[in-house]
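So this block is entry_8.tsv, TSV, C-alpha atoms:
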chain	number	residue	atom	x	y	z
A	1	MET	CA	4.80	21.62	52.33
A	2	LYS	CA	6.78	24.25	54.23
A	3	LYS	CA	4.36	27.00	53.09
A	4	ASN	CA	1.40	24.94	54.29
A	5	ILE	CA	2.96	24.50	57.71
A	6	ILE	CA	3.70	28.23	57.92
A	7	ALA	CA	0.11	29.05	56.90
A	8	ILE	CA	-1.30	26.65	59.50
A	9	LEU	CA	0.97	28.07	62.21
A	10	PHE	CA	-0.08	31.59	61.21
A	11	ILE	CA	-3.75	30.66	61.45
A	12	ILE	CA	-3.33	29.04	64.85
A	13	THR	CA	-1.31	32.00	66.10
A	14	SER	CA	-3.94	34.39	64.75
A	15	LEU	CA	-6.72	32.57	66.56
A	16	ILE	CA	-4.80	32.45	69.83
A	17	PHE	CA	-3.86	36.11	69.61
A	18	SER	CA	-7.42	37.08	68.69
A	19	PHE	CA	-8.73	35.31	71.78
A	20	LEU	CA	-6.05	36.68	74.10
A	21	PHE	CA	-6.33	40.20	72.68
A	22	GLY	CA	-10.06	40.21	73.37
A	23	PHE	CA	-9.63	38.65	76.79
A	24	PHE	CA	-6.93	40.97	78.07
A	25	THR	CA	-8.63	44.11	76.80
A	26	LYS	CA	-11.74	43.07	78.73
A	27	ASP	CA	-13.57	42.79	75.45
A	28	ILE	CA	-14.40	39.17	76.08
A	29	LEU	CA	-16.06	37.16	73.35
A	30	PHE	CA	-19.85	37.02	73.75
A	31	LYS	CA	-19.85	40.02	76.08
A	32	SER	CA	-23.27	41.59	76.04
A	33	LYS	CA	-23.45	45.08	74.64
A	34	THR	CA	-26.28	46.01	76.96
A	35	ASN	CA	-23.80	47.80	79.23
A	36	ASN	CA	-22.71	50.48	76.79
A	37	GLN	CA	-20.71	52.67	79.18
A	38	ASN	CA	-17.72	50.36	78.72
A	39	ARG	CA	-18.09	50.17	74.94
A	40	THR	CA	-17.02	53.65	73.89
A	41	ASN	CA	-13.36	53.17	72.98
A	42	ASN	CA	-13.71	53.77	69.23
A	43	VAL	CA	-15.99	55.46	66.70
A	44	ILE	CA	-18.04	52.37	65.86
A	45	ASP	CA	-18.65	51.60	69.52
A	46	LYS	CA	-19.48	55.25	70.23
A	47	ASN	CA	-21.98	55.39	67.37
A	48	GLU	CA	-23.52	52.14	68.51
A	49	ALA	CA	-23.81	53.38	72.10
A	50	ILE	CA	-25.56	56.55	70.91
A	51	CYS	CA	-27.90	54.51	68.73
A	52	LEU	CA	-28.71	52.10	71.56
A	53	GLU	CA	-29.44	54.96	73.94
A	54	GLN	CA	-31.97	56.32	71.44
A	55	ALA	CA	-33.51	52.92	70.62
A	56	SER	CA	-36.99	52.46	71.99
A	57	SER	CA	-37.71	48.92	70.81
A	58	THR	CA	-36.06	45.56	70.32
A	59	ALA	CA	-36.12	46.05	66.56
A	60	GLU	CA	-34.32	49.40	66.87
A	61	THR	CA	-31.76	47.88	69.25
A	62	ILE	CA	-31.05	45.03	66.86
A	63	ALA	CA	-30.79	47.51	63.97
A	64	CYS	CA	-28.14	49.46	65.92
A	65	VAL	CA	-26.07	46.32	66.44
A	66	GLN	CA	-26.52	45.23	62.83
A	67	GLN	CA	-25.25	48.62	61.66
A	68	SER	CA	-22.17	48.19	63.86
A	69	SER	CA	-21.69	44.72	62.44
A	70	LYS	CA	-21.68	46.17	58.91
A	71	GLU	CA	-19.17	48.79	59.97
A	72	TRP	CA	-16.91	46.09	61.46
A	73	ASN	CA	-17.13	44.23	58.13
A	74	ASN	CA	-15.97	47.43	56.43
A	75	GLU	CA	-13.06	47.68	58.89
A	76	ILE	CA	-12.08	44.08	58.15
A	77	SER	CA	-12.07	44.80	54.41
A	78	LYS	CA	-10.16	48.04	54.93
A	79	TYR	CA	-7.36	46.38	56.89
A	80	ILE	CA	-7.15	43.40	54.56
A	81	ASN	CA	-6.66	45.82	51.66
A	82	LEU	CA	-4.10	47.87	53.60
A	83	LEU	CA	-2.19	44.75	54.62
A	84	ASN	CA	-2.24	43.41	51.05
A	85	ASP	CA	-0.84	46.73	49.81
A	86	ILE	CA	2.25	46.40	52.01
A	87	SER	CA	2.67	42.62	51.93
A	88	ASN	CA	4.95	40.42	49.91
A	89	THR	CA	3.54	37.38	48.11
A	90	GLU	CA	4.02	34.99	51.02
A	91	GLU	CA	2.41	37.38	53.51
A	92	SER	CA	-0.52	38.06	51.16
A	93	GLN	CA	-1.11	34.34	50.74
A	94	ALA	CA	-0.98	33.79	54.49
A	95	LEU	CA	-3.44	36.66	54.98
A	96	LYS	CA	-5.78	35.20	52.36
A	97	THR	CA	-5.60	31.75	53.95
A	98	SER	CA	-6.18	33.20	57.40
A	99	GLN	CA	-9.13	35.31	56.22
A	100	ASP	CA	-10.70	32.35	54.41
A	101	PHE	CA	-10.32	30.25	57.55
A	102	TRP	CA	-11.73	33.04	59.72
A	103	SER	CA	-14.72	33.48	57.39
A	104	LYS	CA	-15.55	29.79	57.65
A	105	GLN	CA	-15.08	29.85	61.43
A	106	ASN	CA	-17.24	32.98	61.68
A	107	LYS	CA	-20.06	31.27	59.78
A	108	LEU	CA	-19.83	28.27	62.10
A	109	ASP	CA	-19.76	30.49	65.19
A	110	ASN	CA	-22.81	32.38	63.96
A	111	LYS	CA	-24.62	29.09	63.40
A	112	LEU	CA	-23.69	28.11	66.95
A	113	ILE	CA	-24.93	31.46	68.26
A	114	THR	CA	-28.20	30.93	66.42
A	115	LEU	CA	-28.63	27.43	67.80
A	116	PHE	CA	-27.74	28.21	71.39
A	117	VAL	CA	-28.82	31.82	71.80
A	118	LYS	CA	-31.15	33.16	69.14
A	119	ASN	CA	-33.44	30.13	69.08
A	120	LYS	CA	-34.10	30.31	72.82
A	121	GLY	CA	-37.05	32.58	72.19
A	122	GLY	CA	-37.63	35.99	73.67
A	123	THR	CA	-36.41	39.30	72.37
A	124	MET	CA	-33.47	39.52	74.77
A	125	TYR	CA	-31.86	36.54	73.06
A	126	LEU	CA	-32.26	38.11	69.63
A	127	GLN	CA	-30.32	41.12	70.89
A	128	LEU	CA	-27.63	38.95	72.46
A	129	ALA	CA	-27.22	36.92	69.27
A	130	ALA	CA	-26.81	40.08	67.17
A	131	SER	CA	-24.34	41.46	69.70
A	132	ASP	CA	-22.28	38.28	69.82
A	133	SER	CA	-22.10	38.12	66.03
A	134	SER	CA	-20.94	41.73	65.84
A	135	GLU	CA	-18.36	41.10	68.56
A	136	LEU	CA	-16.75	38.35	66.48
A	137	LYS	CA	-16.29	40.81	63.62
A	138	LYS	CA	-14.98	43.50	65.93
A	139	GLN	CA	-12.29	41.19	67.28
A	140	ARG	CA	-11.18	40.25	63.77
A	141	ALA	CA	-11.09	43.90	62.69
A	142	GLU	CA	-9.05	44.87	65.74
A	143	PHE	CA	-6.63	42.01	65.14
A	144	LEU	CA	-6.10	43.01	61.50
A	145	LYS	CA	-5.67	46.64	62.57
A	146	TRP	CA	-3.03	45.56	65.07
A	147	LEU	CA	-1.18	43.60	62.35
A	148	TYR	CA	-1.20	46.69	60.15
A	149	GLU	CA	-0.09	49.04	62.91
A	150	ILE	CA	2.89	46.92	63.91
A	151	GLN	CA	4.18	47.12	60.34
A	152	ASP	CA	4.56	50.87	60.79
A	153	ILE	CA	6.30	50.38	64.14
A	154	GLU	CA	8.85	48.01	62.62
A	155	GLU	CA	9.64	50.47	59.82
A	156	ASN	CA	10.37	53.25	62.31
A	157	TYR	CA	13.03	51.25	64.15
I'd like the structure from this file rewritten - as structure tokens, please.
Amino acid sequence: MKKNIIAILFIITSLIFSFLFGFFTKDILFKSKTNNQNRTNNVIDKNEAICLEQASSTAETIACVQQSSKEWNNEISKYINLLNDISNTEESQALKTSQDFWSKQNKLDNKLITLFVKNKGGTMYLQLAASDSSELKKQRAEFLKWLYEIQDIEENY
């Protein structure tokens, strides 16, 4: 029972931090990636910005964002593996529970994006939907990276 409560508290804390982290870094959820000058703070964003500058069609623009989305998935997997490597059993279980919950939430959010954005019609909405979906993955990857990085900070003190 105690482990379930800890897992639930961890999940809630993760969601709150994920939202606040995105908000305070001006990387607000559902922010359009059409203004790429502000999106060059890491390699994935830089590569996406270059790709978008070279894109000459909606299909090419969407392909750029989909590539970034795949790269954010890779980052999520990378940091889950890194965190599992340094975690004890309780931490690993909490990470697994959190990731399972996030995956379900991500699927629901993508369904919501499809219903409210993508299905509006018009190519602009297809681009926004792809961008919003990628942004969800980016926020998760950055959160997991932060969790990993603070482990190193604690060990140095």
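Shortest separation to Ser69 of chain A among A:Gln151, A:Gln139, A:Ser56, A:Ser134 occurs at residue A:Ser134, atoms counted being all atoms listed in the file.
Put simply, atom CA of Gln66 of chain A is 13.4 Å away from atom CA of Asn110 of chain A.
Residue nearest Ser131 of chain A within the list A:Lys145, A:Thr97, A:Lys118, A:Thr89: A:Lys118 [criterion: smallest interatomic distance, all atoms listed in the file].
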By how many Å are atom CA of Asn106 of chain A and atom CA of Ala63 of chain A apart? 20.0 Å
Just give me the gap between atom CA of Tyr79 of chain A and atom CA of Cys51 of chain A in Å, one decimal is fine. 25.1 Å
When you count all atoms listed in the file, which of these residues is closest to Thr61 of chain A: A:Glu48, A:Asp85, A:Asp109, A:Asp100? A:Glu48
Test item: residues at most 7 Å from Ala141 of chain A, only C-alpha atoms, excluding those fewer than 5 positions along its chain, as an NGL selection string: :A and (72 or 75-76)
Selection from above, C-alpha atoms, as a tab-separated table (two decimals), in the coordinates of the input, can you write it?
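Saved file result_11.tsv follows:
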chain	number	residue	atom	x	y	z
A	72	TRP	CA	-16.91	46.09	61.46
A	75	GLU	CA	-13.06	47.68	58.89
A	76	ILE	CA	-12.08	44.08	58.15
Shortest interatomic distance to Val117 of chain A - which of A:Ser103, A:Thr58, A:Ser133, A:Ser92, counting all atoms listed in the file: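 Of the candidates, the smallest distance to Val117 of chain A is held by A:Ser133.
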Can you list, as a PyMOL selection string, every protein, DNA or RNA residue that comes within 12 Å of segment 128-130 of chain A when you count all atoms listed in the file, leaving out same-chain residues fewer than 4 positions away? chain A and resi 29-35+58-70+109-124+134-137
